[in-house]
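Worksheet for the structure shown next.
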Amino acid sequence: MSFFENVGDVVSQIWDAATTPVDAPAPSVVLVCAAVAAAVVLVRPTWHVARHLITIAHEGGHAVAALLSGRQLSGIRLHSDTSGLTVSKGRPRGLGMIVTAFMGYVAPGLVGLGAAALLHAGYAVGLLWLLVLLLALLLLQIRNWFGLWSVLVSGTALVLVSWFLDGPAQSAVAYAVTWFLLLGAVRPVLELQAQRRRGRGSRSDADVLARLTPLPGIVWVGIFLVVTVGAAVLGGSWIWAPVD
């Protein structure tokens with residue numbers, strides 16, 4: 001069998017697995033996944049490590065918004081302190097810049113909401129492979145070594161889960177990741193306002209939006225919170241609802 005036939009066979013297997021609905025795990029498994037995700041978000045040491053995943057989604061949100069609004073994406077940098085930076089070129093003001101600045105903090109929750117919709121439809125394995133694809137696309141825009149390492153580790157972990165684990169284990173991971181995105185999207189918004197109260201948020205997305213619009217930064221923080229909490233509530237209801 002030639003190399004291209006081997007590649008085609010692998011792609012076919014991935015496609016079949018990704019597009020075949022699977023049964024939802026037992027409610028007790030879903031509850032455990034939610035509890036684990038909540039613990040990761042609430043416990044400081046685990047949050048410090050897992051927050052890198054939220055940063056990846058955050059900067060990915062900026063990047064997608066920049067491209068969709070007609071801006072030229074220059075690259076993404078992810079740092080070991082869980083901060084990140086997405087650079088795009090275009091008009092310094094206007095709707096495109098507003099949308100780009102807005103999408104960062106809400107992106108993890110919206111990604112989690114989309115993931116919950118896929119789980120509700122039964123595509124837990126498809127969700128894992130879709131996340132791998134999104135990370136691969138994001139990798140093309142990474143411009144520093146830590147960012148490269150962070151995205152590669154995340155993507156490799158998902159590939160190993162999607163390829164080697166059995167169906168129930170894959171579903172459990174998909175549910176845990178989704179719960180983490182939904183719940184983990186809220187904490188950075190709260191941390192943002194805490195930093196702003198200490199006078200350290202002048203360059204935050206909320207304050208950038210305050211300079212671009214008539215609304216003050218605290219209002220934008222409130223909007224971030226409404227979107228992320230709303231996504232968590234709605235996504236959670238989809239996860240718990242019976243599969244159609």
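Ordering of the structure tokens sets the chain letters (A, B, ...), residue numbers begin anew at 1 in every chain, and ligands are numbered from 1 in the order given.
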
Tell me, counting only C-alpha atoms, for each residue of segment 96-186 of chain A within 9 Å of segment 29-45 of chain A, which pair of atoms is nearest and how far apart they are in Å to one decimal, in rows ordered by chain and increasing number, as a Markdown table.
| residue | atom | partner | partner_atom | distance |
| --- | --- | --- | --- | --- |
| A:Ala172 | CA | A:Cys33 | CA | 6.8 |
| A:Val173 | CA | A:Cys33 | CA | 7.9 |
| A:Tyr175 | CA | A:Cys33 | CA | 6.3 |
| A:Ala176 | CA | A:Cys33 | CA | 4.7 |
| A:Val177 | CA | A:Ala37 | CA | 7.5 |
| A:Thr178 | CA | A:Ala37 | CA | 8.7 |
| A:Trp179 | CA | A:Ala34 | CA | 5.6 |
| A:Phe180 | CA | A:Ala37 | CA | 4.8 |
| A:Leu181 | CA | A:Ala37 | CA | 8.6 |
| A:Leu183 | CA | A:Ala38 | CA | 6.7 |
| A:Gly184 | CA | A:Val41 | CA | 5.7 |

Can you list every residue of segment 48-147 of chain A that has an atom at most 10 Å from segment 212-224 of chain A, with its nearest atom pair and the distance in Å to one decimal, using only C-alpha atoms, ordered by chain then number, as CSV?
residue,atom,partner,partner_atom,distance
A:Pro92,CA,A:Leu212,CA,8.9
A:Arg93,CA,A:Leu212,CA,6.4
A:Gly94,CA,A:Leu212,CA,7.5
A:Leu95,CA,A:Leu212,CA,9.1
A:Met97,CA,A:Leu212,CA,8.2
A:Ile98,CA,A:Leu212,CA,6.7
A:Ala101,CA,A:Leu212,CA,9.5
A:Phe102,CA,A:Phe224,CA,8.2
A:Met103,CA,A:Phe224,CA,9.1
A:Gly104,CA,A:Phe224,CA,9.3
A:Tyr105,CA,A:Phe224,CA,6.4
A:Val106,CA,A:Phe224,CA,6.0
A:Ala107,CA,A:Phe224,CA,9.8
A:Gly109,CA,A:Phe224,CA,9.8

From A:Ala57, A:Leu130, A:Ala241, A:Ala174, residue lying nearest Val111 of chain A [only C-alpha atoms]: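 Looking only at the distances to Val111 of chain A, the closest residue turns out to be A:Ala57.
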
So, with only C-alpha atoms as the atoms that count, which of A:Asp9, A:Val186, A:Ile76, A:Trp15 lies closest to Leu110 of chain A?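 Under the stated criterion, the closest residue is A:Val186.
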
Looking at only C-alpha atoms, which of A:Leu165, A:Ala66, A:Val189, A:Leu119 is the one that sits closest to Val229 of chain A? A:Val189

I need the residues in segment 82-185 of chain A that are alpha helix (DSSP H) according to DSSP; give them as a ChimeraX atom specification. /A:95-120,124-139,145-164,167-184

DSSP says strand (DSSP E or B) for which residues of segment 74-216 of chain A? Put them as a PyMOL selection string? chain A and resi 74-78+84-89+142

Give me the residues near Leu160 of chain A as a PDB file with C-alpha atoms, in the first residue's frame, where near means some atom within 12 Å (using only C-alpha atoms) and where sequence neighbours in that chain fewer than 5 positions away do not count.
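Writing done, so here's result_18.pdb:
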ATOM      1  CA  LEU A 128     -12.443  16.028  19.694  1.00  0.00           C
ATOM      2  CA  TRP A 129     -11.292  15.863  16.071  1.00  0.00           C
ATOM      3  CA  VAL A 132      -7.621  19.073  16.795  1.00  0.00           C
ATOM      4  CA  VAL A 153       0.905  19.664  23.587  1.00  0.00           C
ATOM      5  CA  SER A 154      -2.828  20.386  23.613  1.00  0.00           C
ATOM      6  CA  GLY A 155      -3.303  19.056  20.092  1.00  0.00           C
ATOM      7  CA  LEU A 165      -8.936   5.443  23.743  1.00  0.00           C
ATOM      8  CA  ASP A 166     -12.216   3.576  23.494  1.00  0.00           C
ATOM      9  CA  ALA A 169     -13.309   7.266  27.468  1.00  0.00           C
ATOM     10  CA  GLN A 170     -13.387   9.580  24.444  1.00  0.00           C
ATOM     11  CA  VAL A 173     -12.889  13.527  27.793  1.00  0.00           C
TER      12      VAL A 173
END
